[in-house]
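Visitor: Structure file upload39.pdb, PDB, C-alpha atoms, is pasted below:
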MODEL        1
ATOM      1  CA  MET A   1     109.991 109.285 116.141
ATOM      2  CA  CYS A   2     107.522 108.138 118.739
ATOM      3  CA  ILE A   3     107.409 109.570 122.254
ATOM      4  CA  ARG A   4     104.337 108.292 124.051
ATOM      5  CA  ASP A   5     103.038 111.132 126.295
ATOM      6  CA  ARG A   6     106.524 111.883 127.621
ATOM      7  CA  ILE A   7     107.117 115.319 126.166
ATOM      8  CA  ASN A   8     105.161 118.515 125.817
ATOM      9  CA  PRO A   9     104.049 119.072 122.175
ATOM     10  CA  LEU A  10     105.863 122.423 122.055
ATOM     11  CA  ASP A  11     109.093 120.895 123.358
ATOM     12  CA  TYR A  12     108.625 118.065 120.873
ATOM     13  CA  ALA A  13     108.703 120.649 118.052
ATOM     14  CA  GLU A  14     112.162 121.725 119.229
ATOM     15  CA  GLU A  15     113.392 118.115 119.235
ATOM     16  CA  LEU A  16     111.951 117.518 115.759
ATOM     17  CA  PHE A  17     113.628 120.692 114.521
ATOM     18  CA  LYS A  18     117.016 119.554 115.849
ATOM     19  CA  LEU A  19     116.629 116.115 114.268
ATOM     20  CA  ALA A  20     115.426 117.514 110.945
ATOM     21  CA  VAL A  21     118.343 119.931 110.718
ATOM     22  CA  PHE A  22     120.800 117.189 111.755
ATOM     23  CA  TYR A  23     119.435 114.982 108.955
ATOM     24  CA  ASN A  24     119.964 117.623 106.223
ATOM     25  CA  SER A  25     116.582 119.356 106.364
ATOM     26  CA  ALA A  26     114.665 116.078 106.552
ATOM     27  CA  LEU A  27     111.011 115.915 105.627
ATOM     28  CA  VAL A  28     108.987 116.011 108.854
ATOM     29  CA  SER A  29     105.616 114.262 108.916
ATOM     30  CA  ILE A  30     103.475 115.117 111.933
ATOM     31  CA  GLU A  31     100.338 113.219 112.921
ATOM     32  CA  LEU A  32      97.548 115.703 113.561
ATOM     33  CA  THR A  33      94.967 113.218 114.841
ATOM     34  CA  GLY A  34      94.542 113.467 118.597
ATOM     35  CA  GLY A  35      95.216 117.198 118.880
ATOM     36  CA  PHE A  36      98.856 117.294 120.012
ATOM     37  CA  GLY A  37     100.302 117.317 116.506
ATOM     38  CA  GLU A  38      98.684 120.614 115.584
ATOM     39  CA  ALA A  39     100.566 122.461 118.337
ATOM     40  CA  THR A  40     103.822 120.739 117.383
ATOM     41  CA  MET A  41     103.367 121.551 113.696
ATOM     42  CA  LEU A  42     102.501 125.207 114.332
ATOM     43  CA  LYS A  43     105.488 125.706 116.629
ATOM     44  CA  LEU A  44     107.794 124.033 114.123
ATOM     45  CA  ARG A  45     106.459 126.118 111.256
ATOM     46  CA  GLN A  46     106.021 129.497 112.948
ATOM     47  CA  ASP A  47     108.667 129.710 115.676
ATOM     48  CA  TYR A  48     111.407 127.678 113.992
ATOM     49  CA  ALA A  49     110.406 128.629 110.429
ATOM     50  CA  TYR A  50     110.980 125.046 109.392
ATOM     51  CA  TRP A  51     109.996 124.633 105.787
ATOM     52  CA  ASN A  52     110.138 120.898 105.015
ATOM     53  CA  ILE A  53     106.884 119.709 106.614
ATOM     54  CA  PHE A  54     104.846 117.066 104.806
ATOM     55  CA  ARG A  55     101.757 118.393 103.042
ATOM     56  CA  ASP A  56      98.890 116.053 102.287
ATOM     57  CA  GLU A  57      98.252 116.466  98.578
ATOM     58  CA  SER A  58      95.934 113.477  98.313
ATOM     59  CA  ASN A  59      92.712 115.378  98.993
ATOM     60  CA  HIS A  60      91.472 116.128  95.501
ATOM     61  CA  ALA A  61      88.533 118.169  96.806
ATOM     62  CA  GLN A  62      90.995 120.747  98.111
ATOM     63  CA  ALA A  63      92.868 120.811  94.810
ATOM     64  CA  SER A  64      89.730 121.508  92.788
ATOM     65  CA  HIS A  65      88.832 124.450  95.026
ATOM     66  CA  ARG A  66      92.426 125.739  95.065
ATOM     67  CA  LEU A  67      92.742 125.633  98.846
ATOM     68  CA  SER A  68      96.246 125.229 100.210
ATOM     69  CA  ASN A  69      97.231 121.691 101.101
ATOM     70  CA  ARG A  70      97.153 120.936 104.785
ATOM     71  CA  MET A  71     100.425 120.319 106.550
ATOM     72  CA  GLY A  72     100.692 117.140 108.578
ATOM     73  CA  VAL A  73      99.006 113.746 108.437
ATOM     74  CA  GLU A  74      95.516 112.713 109.495
ATOM     75  CA  THR A  75      95.082 109.087 110.564
ATOM     76  CA  ASN A  76      91.447 108.112 110.228
ATOM     77  CA  VAL A  77      89.130 105.576 108.570
ATOM     78  CA  ARG A  78      89.700 107.197 105.180
ATOM     79  CA  THR A  79      93.509 107.406 105.335
ATOM     80  CA  LYS A  80      94.554 104.310 107.306
ATOM     81  CA  PRO A  81      94.020 101.642 104.609
ATOM     82  CA  PHE A  82      96.514 103.371 102.279
ATOM     83  CA  MET A  83      98.903 104.007 105.136
ATOM     84  CA  ILE A  84      98.814 100.426 106.422
ATOM     85  CA  SER A  85      99.297  99.159 102.855
ATOM     86  CA  SER A  86     102.370 101.369 102.571
ATOM     87  CA  LEU A  87     103.997  99.736 105.586
ATOM     88  CA  GLN A  88     103.023  96.288 104.307
ATOM     89  CA  ARG A  89     104.645  97.089 100.967
ATOM     90  CA  PHE A  90     107.865  98.272 102.620
ATOM     91  CA  ILE A  91     108.045  95.115 104.741
ATOM     92  CA  LYS A  92     107.225  92.807 101.815
ATOM     93  CA  ASP A  93     109.833  94.487  99.593
ATOM     94  CA  ARG A  94     112.332  94.528 102.482
ATOM     95  CA  ALA A  95     112.727  98.260 101.910
ATOM     96  CA  ILE A  96     112.706  98.968 105.644
ATOM     97  CA  SER A  97     114.773  97.711 108.529
ATOM     98  CA  ILE A  98     113.081  97.445 111.919
ATOM     99  CA  PRO A  99     115.811  96.527 114.411
ATOM    100  CA  CYS A 100     113.677  97.499 117.429
ATOM    101  CA  ALA A 101     112.238  94.482 119.290
ATOM    102  CA  ALA A 102     109.518  96.623 120.917
ATOM    103  CA  SER A 103     108.335  97.804 117.477
ATOM    104  CA  ILE A 104     108.261  94.241 116.186
ATOM    105  CA  ARG A 105     106.182  93.180 119.214
ATOM    106  CA  GLU A 106     103.707  95.983 118.512
ATOM    107  CA  LEU A 107     103.558  94.986 114.845
ATOM    108  CA  THR A 108     102.679  91.410 115.735
ATOM    109  CA  ALA A 109      99.887  92.644 118.041
ATOM    110  CA  TYR A 110      98.437  95.074 115.474
ATOM    111  CA  GLU A 111      95.004  94.008 114.225
ATOM    112  CA  GLN A 112      92.693  94.576 111.303
ATOM    113  CA  GLU A 113      89.036  94.048 112.136
ATOM    114  CA  ARG A 114      86.033  94.376 109.822
ATOM    115  CA  MET A 115      83.296  96.184 111.738
ATOM    116  CA  GLN A 116      79.793  94.675 112.155
ATOM    117  CA  LYS A 117      78.100  96.372 109.248
ATOM    118  CA  GLY A 118      81.161  95.864 107.064
ATOM    119  CA  THR A 119      81.273  99.518 106.095
ATOM    120  CA  PHE A 120      84.865  99.996 107.290
ATOM    121  CA  THR A 121      87.849  98.213 108.747
ATOM    122  CA  ARG A 122      89.297  99.123 112.130
ATOM    123  CA  PHE A 123      93.074  99.072 112.523
ATOM    124  CA  ALA A 124      94.468  99.148 116.078
ATOM    125  CA  GLY A 125      96.658  97.422 118.599
ATOM    126  CA  ALA A 126      95.171  94.321 120.197
ATOM    127  CA  THR A 127      93.284  94.925 123.436
ATOM    128  CA  GLY A 128      95.711  96.192 126.043
ATOM    129  CA  SER A 129      98.571  96.831 123.615
ATOM    130  CA  HIS A 130      99.966 100.082 122.286
ATOM    131  CA  ASP A 131     100.247 100.970 118.615
ATOM    132  CA  ASP A 132     102.357 104.152 118.789
ATOM    133  CA  ARG A 133     105.427 102.551 117.244
ATOM    134  CA  VAL A 134     103.358 100.895 114.518
ATOM    135  CA  MET A 135     101.678 104.182 113.650
ATOM    136  CA  SER A 136     105.054 105.905 113.558
ATOM    137  CA  LEU A 137     106.222 103.329 110.994
ATOM    138  CA  VAL A 138     102.910 103.565 109.102
ATOM    139  CA  ILE A 139     103.121 107.350 108.851
ATOM    140  CA  GLY A 140     106.762 107.195 107.766
ATOM    141  CA  CYS A 141     106.084 104.647 105.016
ATOM    142  CA  ALA A 142     102.962 106.436 103.774
ATOM    143  CA  THR A 143     104.873 109.716 103.700
ATOM    144  CA  ALA A 144     107.726 108.112 101.765
ATOM    145  CA  ILE A 145     105.311 106.798  99.129
ATOM    146  CA  ALA A 146     103.240 109.997  98.911
ATOM    147  CA  SER A 147     106.215 112.360  98.898
ATOM    148  CA  PRO A 148     107.958 113.191  95.631
ATOM    149  CA  HIS A 149     111.287 113.028  97.479
ATOM    150  CA  THR A 150     111.064 109.303  98.188
ATOM    151  CA  PHE A 151     114.372 107.479  98.439
ATOM    152  CA  ILE A 152     114.326 104.056  96.800
ATOM    153  CA  PRO A 153     117.209 101.862  97.999
ATOM    154  CA  TYR A 154     119.545 100.296  95.464
ATOM    155  CA  GLU A 155     119.818  96.515  95.239
ATOM    156  CA  ASN A 156     123.027  96.361  97.318
ATOM    157  CA  GLU A 157     121.315  98.392 100.043
ATOM    158  CA  LYS A 158     118.381  95.944 100.010
ATOM    159  CA  ALA A 159     120.919  93.187 100.628
ATOM    160  CA  LYS A 160     122.166  95.123 103.662
ATOM    161  CA  LEU A 161     118.577  95.355 104.885
ATOM    162  CA  ASP A 162     118.233  91.578 104.485
ATOM    163  CA  GLU A 163     121.256  91.129 106.735
ATOM    164  CA  ALA A 164     119.873  93.610 109.285
ATOM    165  CA  TYR A 165     116.730  91.528 109.745
ATOM    166  CA  ASN A 166     118.698  88.644 111.292
ATOM    167  CA  ASP A 167     115.757  86.386 110.414
ATOM    168  CA  GLU A 168     113.570  88.041 113.097
ATOM    169  CA  TRP A 169     110.707  88.504 110.633
ATOM    170  CA  ALA A 170     111.122  84.968 109.347
ATOM    171  CA  ASP A 171     110.675  83.736 112.935
ATOM    172  CA  VAL A 172     107.597  85.933 113.425
ATOM    173  CA  HIS A 173     106.036  84.764 110.145
ATOM    174  CA  ARG A 174     106.791  81.110 110.926
ATOM    175  CA  ASP A 175     105.221  81.479 114.387
ATOM    176  CA  LEU A 176     102.155  83.209 112.958
ATOM    177  CA  LYS A 177     101.759  80.573 110.248
ATOM    178  CA  THR A 178     102.066  77.767 112.809
ATOM    179  CA  THR A 179      99.475  79.446 115.035
ATOM    180  CA  ALA A 180      97.107  79.923 112.086
ATOM    181  CA  GLU A 181      97.495  76.269 111.066
ATOM    182  CA  ASP A 182      96.776  75.165 114.640
ATOM    183  CA  VAL A 183      93.542  77.178 114.641
ATOM    184  CA  TYR A 184      92.391  75.683 111.326
ATOM    185  CA  ASP A 185      93.392  72.140 112.301
ATOM    186  CA  ALA A 186      91.282  72.234 115.483
TER     187      ALA A 186
ENDMDL
END
Written as structure tokens, how would this file's structure read?
Guide:
Amino acid sequence: MCIRDRINPLDYAEELFKLAVFYNSALVSIELTGGFGEATMLKLRQDYAYWNIFRDESNHAQASHRLSNRMGVETNVRTKPFMISSLQRFIKDRAISIPCAASIRELTAYEQERMQKGTFTRFAGATGSHDDRVMSLVIGCATAIASPHTFIPYENEKAKLDEAYNDEWADVHRDLKTTAEDVYDA
């Protein structure tokens, strides 16, 4: 769920709680980067006593020192490559349906850029574009892969996902391929 600066983080916790309960105690994955997620996560955990909040168990340094795993998700230079790869895998395997045109537009404007010294890759929306919807999808896919409660669709459900795409992605890929060929032909 992505609400770009339209709701107070504490009110957002209430909305997440309602949605999570409605969806049978759904796993909630809250982005902590940027500061707002911490308030949302604390309110959800302490005031609503919600128990099914994603815990990042990928930090092996914490495990070796027996510190408790941190609730929520950090999106940074260290975590983004895995997270982006998770979304790419879901799209490639057609394990996700994205019927939202605005999300598809953001996905097509999302960029990967190797920084000058080549020490890391920057992932972000193209200049002037948002990436909130993309990051929402990225966090969801990464959580699904990292969580032991991941739901893997059956073959007949993948066929339903194929139908849901209505060839939108095929059009996007064809357009991108044509554009790339034009650049190389010039």
Visitor: Determine the residue membership of the PyMOL selection byres ((chain A and resi 129) around 12) for the file above and supply it as a PDB file with C-alpha atoms, in the coordinates of the input.
Guide:
ATOM      1  CA  ALA A 102     109.518  96.623 120.917  1.00  0.00           C
ATOM      2  CA  SER A 103     108.335  97.804 117.477  1.00  0.00           C
ATOM      3  CA  ARG A 105     106.182  93.180 119.214  1.00  0.00           C
ATOM      4  CA  GLU A 106     103.707  95.983 118.512  1.00  0.00           C
ATOM      5  CA  LEU A 107     103.558  94.986 114.845  1.00  0.00           C
ATOM      6  CA  THR A 108     102.679  91.410 115.735  1.00  0.00           C
ATOM      7  CA  ALA A 109      99.887  92.644 118.041  1.00  0.00           C
ATOM      8  CA  TYR A 110      98.437  95.074 115.474  1.00  0.00           C
ATOM      9  CA  GLU A 111      95.004  94.008 114.225  1.00  0.00           C
ATOM     10  CA  ALA A 124      94.468  99.148 116.078  1.00  0.00           C
ATOM     11  CA  GLY A 125      96.658  97.422 118.599  1.00  0.00           C
ATOM     12  CA  ALA A 126      95.171  94.321 120.197  1.00  0.00           C
ATOM     13  CA  THR A 127      93.284  94.925 123.436  1.00  0.00           C
ATOM     14  CA  GLY A 128      95.711  96.192 126.043  1.00  0.00           C
ATOM     15  CA  HIS A 130      99.966 100.082 122.286  1.00  0.00           C
ATOM     16  CA  ASP A 131     100.247 100.970 118.615  1.00  0.00           C
ATOM     17  CA  ASP A 132     102.357 104.152 118.789  1.00  0.00           C
ATOM     18  CA  ARG A 133     105.427 102.551 117.244  1.00  0.00           C
ATOM     19  CA  VAL A 134     103.358 100.895 114.518  1.00  0.00           C
TER      20      VAL A 134
END
Visitor: Could you tell me, as a PyMOL selection string, exactly which residues end up selected when the PyMOL selection byres ((chain A and resi 11) around 12) is applied to this structure?
Guide: chain A and resi 3+5-10+12-18+36-37+39-44+47-48
Visitor: Run the PyMOL selection byres ((chain A and resi 78-90) around 10) on the file and write out the hits as JSON, numbers by chain.
Guide: {"A": [58, 73, 74, 75, 76, 77, 91, 92, 93, 94, 95, 96, 97, 112, 120, 121, 122, 123, 134, 135, 137, 138, 139, 140, 141, 142, 143, 144, 145, 146]}
Visitor: Extending 5 Å beyond the listed atoms of region 36-50 of chain A on each side, what axis-aligned box results? I want centre and edge lengths in Å to one decimal, as JSON.
Guide:
{"center_x": 105.0, "center_y": 123.5, "center_z": 114.7, "size_x": 22.7, "size_y": 22.4, "size_z": 20.6}
Visitor: Could you work out how far CA of Val21 (chain A) lies from CA of Asn52 (chain A), giving the answer in Å with one decimal?
Guide: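 Taking CA of Asn52 (chain A) as the start and CA of Val21 (chain A) as the end point, the length is 10.0 Å.
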Visitor: Between CA of Met115 (chain A) and CA of Glu38 (chain A), measure the distance and give it in Å to one decimal.
Guide: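 CA of Glu38 (chain A) lies 29.1 Å from CA of Met115 (chain A).
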Visitor: Would you compute the distance between CA of Gly35 (chain A) and CA of Ser147 (chain A)? Give it in Å to one decimal.
Guide: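 That distance, rounded to one decimal, is 23.3 Å.
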Visitor: If I only want region 101-122 of chain A, can you write it with N, CA and C atoms, as a compact mmCIF listing (two decimals), in the first residue's frame?
Guide:
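Produced file result.txt, reproduced below:
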# COMPACT_ATOMS: atom_id res chain seq x y z
N ALA A 101 -2.25 1.10 -14.05
CA ALA A 101 -1.51 1.79 -15.12
C ALA A 101 -0.47 2.75 -14.54
N ALA A 102 -0.79 3.42 -13.44
CA ALA A 102 0.17 4.35 -12.82
C ALA A 102 1.41 3.61 -12.32
N SER A 103 1.23 2.41 -11.77
CA SER A 103 2.37 1.61 -11.32
C SER A 103 3.22 1.17 -12.50
N ILE A 104 2.58 0.79 -13.58
CA ILE A 104 3.32 0.37 -14.77
C ILE A 104 4.11 1.54 -15.34
N ARG A 105 3.52 2.74 -15.33
CA ARG A 105 4.27 3.92 -15.80
C ARG A 105 5.49 4.17 -14.94
N GLU A 106 5.34 4.05 -13.62
CA GLU A 106 6.49 4.24 -12.73
C GLU A 106 7.55 3.17 -12.97
N LEU A 107 7.12 1.94 -13.21
CA LEU A 107 8.07 0.86 -13.48
C LEU A 107 8.88 1.14 -14.73
N THR A 108 8.24 1.67 -15.75
CA THR A 108 8.97 1.94 -17.00
C THR A 108 9.93 3.12 -16.85
N ALA A 109 9.70 3.98 -15.85
CA ALA A 109 10.58 5.14 -15.63
C ALA A 109 11.62 4.87 -14.55
N TYR A 110 11.62 3.67 -13.99
CA TYR A 110 12.57 3.33 -12.92
C TYR A 110 13.92 2.99 -13.53
N GLU A 111 14.99 3.54 -12.95
CA GLU A 111 16.32 3.41 -13.56
C GLU A 111 17.32 2.75 -12.63
N GLN A 112 18.29 2.12 -13.26
CA GLN A 112 19.45 1.56 -12.58
C GLN A 112 20.66 2.27 -13.16
N GLU A 113 21.45 2.89 -12.31
CA GLU A 113 22.59 3.67 -12.79
C GLU A 113 23.84 3.31 -11.98
N ARG A 114 24.89 2.91 -12.67
CA ARG A 114 26.17 2.63 -12.02
C ARG A 114 26.82 3.97 -11.71
N MET A 115 27.21 4.18 -10.47
CA MET A 115 27.79 5.45 -10.07
C MET A 115 29.22 5.57 -10.61
N GLN A 116 29.77 6.79 -10.61
CA GLN A 116 31.06 7.10 -11.25
C GLN A 116 32.17 6.13 -10.89
N LYS A 117 32.36 5.91 -9.64
CA LYS A 117 33.48 5.05 -9.21
C LYS A 117 33.14 3.57 -9.34
N GLY A 118 31.90 3.28 -9.69
CA GLY A 118 31.50 1.89 -9.89
C GLY A 118 31.38 1.07 -8.62
N THR A 119 31.39 1.75 -7.47
CA THR A 119 31.33 1.02 -6.21
C THR A 119 29.91 0.57 -5.87
N PHE A 120 28.90 1.24 -6.42
CA PHE A 120 27.52 0.82 -6.17
C PHE A 120 26.62 1.28 -7.31
N THR A 121 25.43 0.71 -7.32
CA THR A 121 24.44 1.04 -8.33
C THR A 121 23.31 1.80 -7.65
N ARG A 122 22.87 2.87 -8.31
CA ARG A 122 21.76 3.67 -7.78
C ARG A 122 20.48 3.23 -8.48
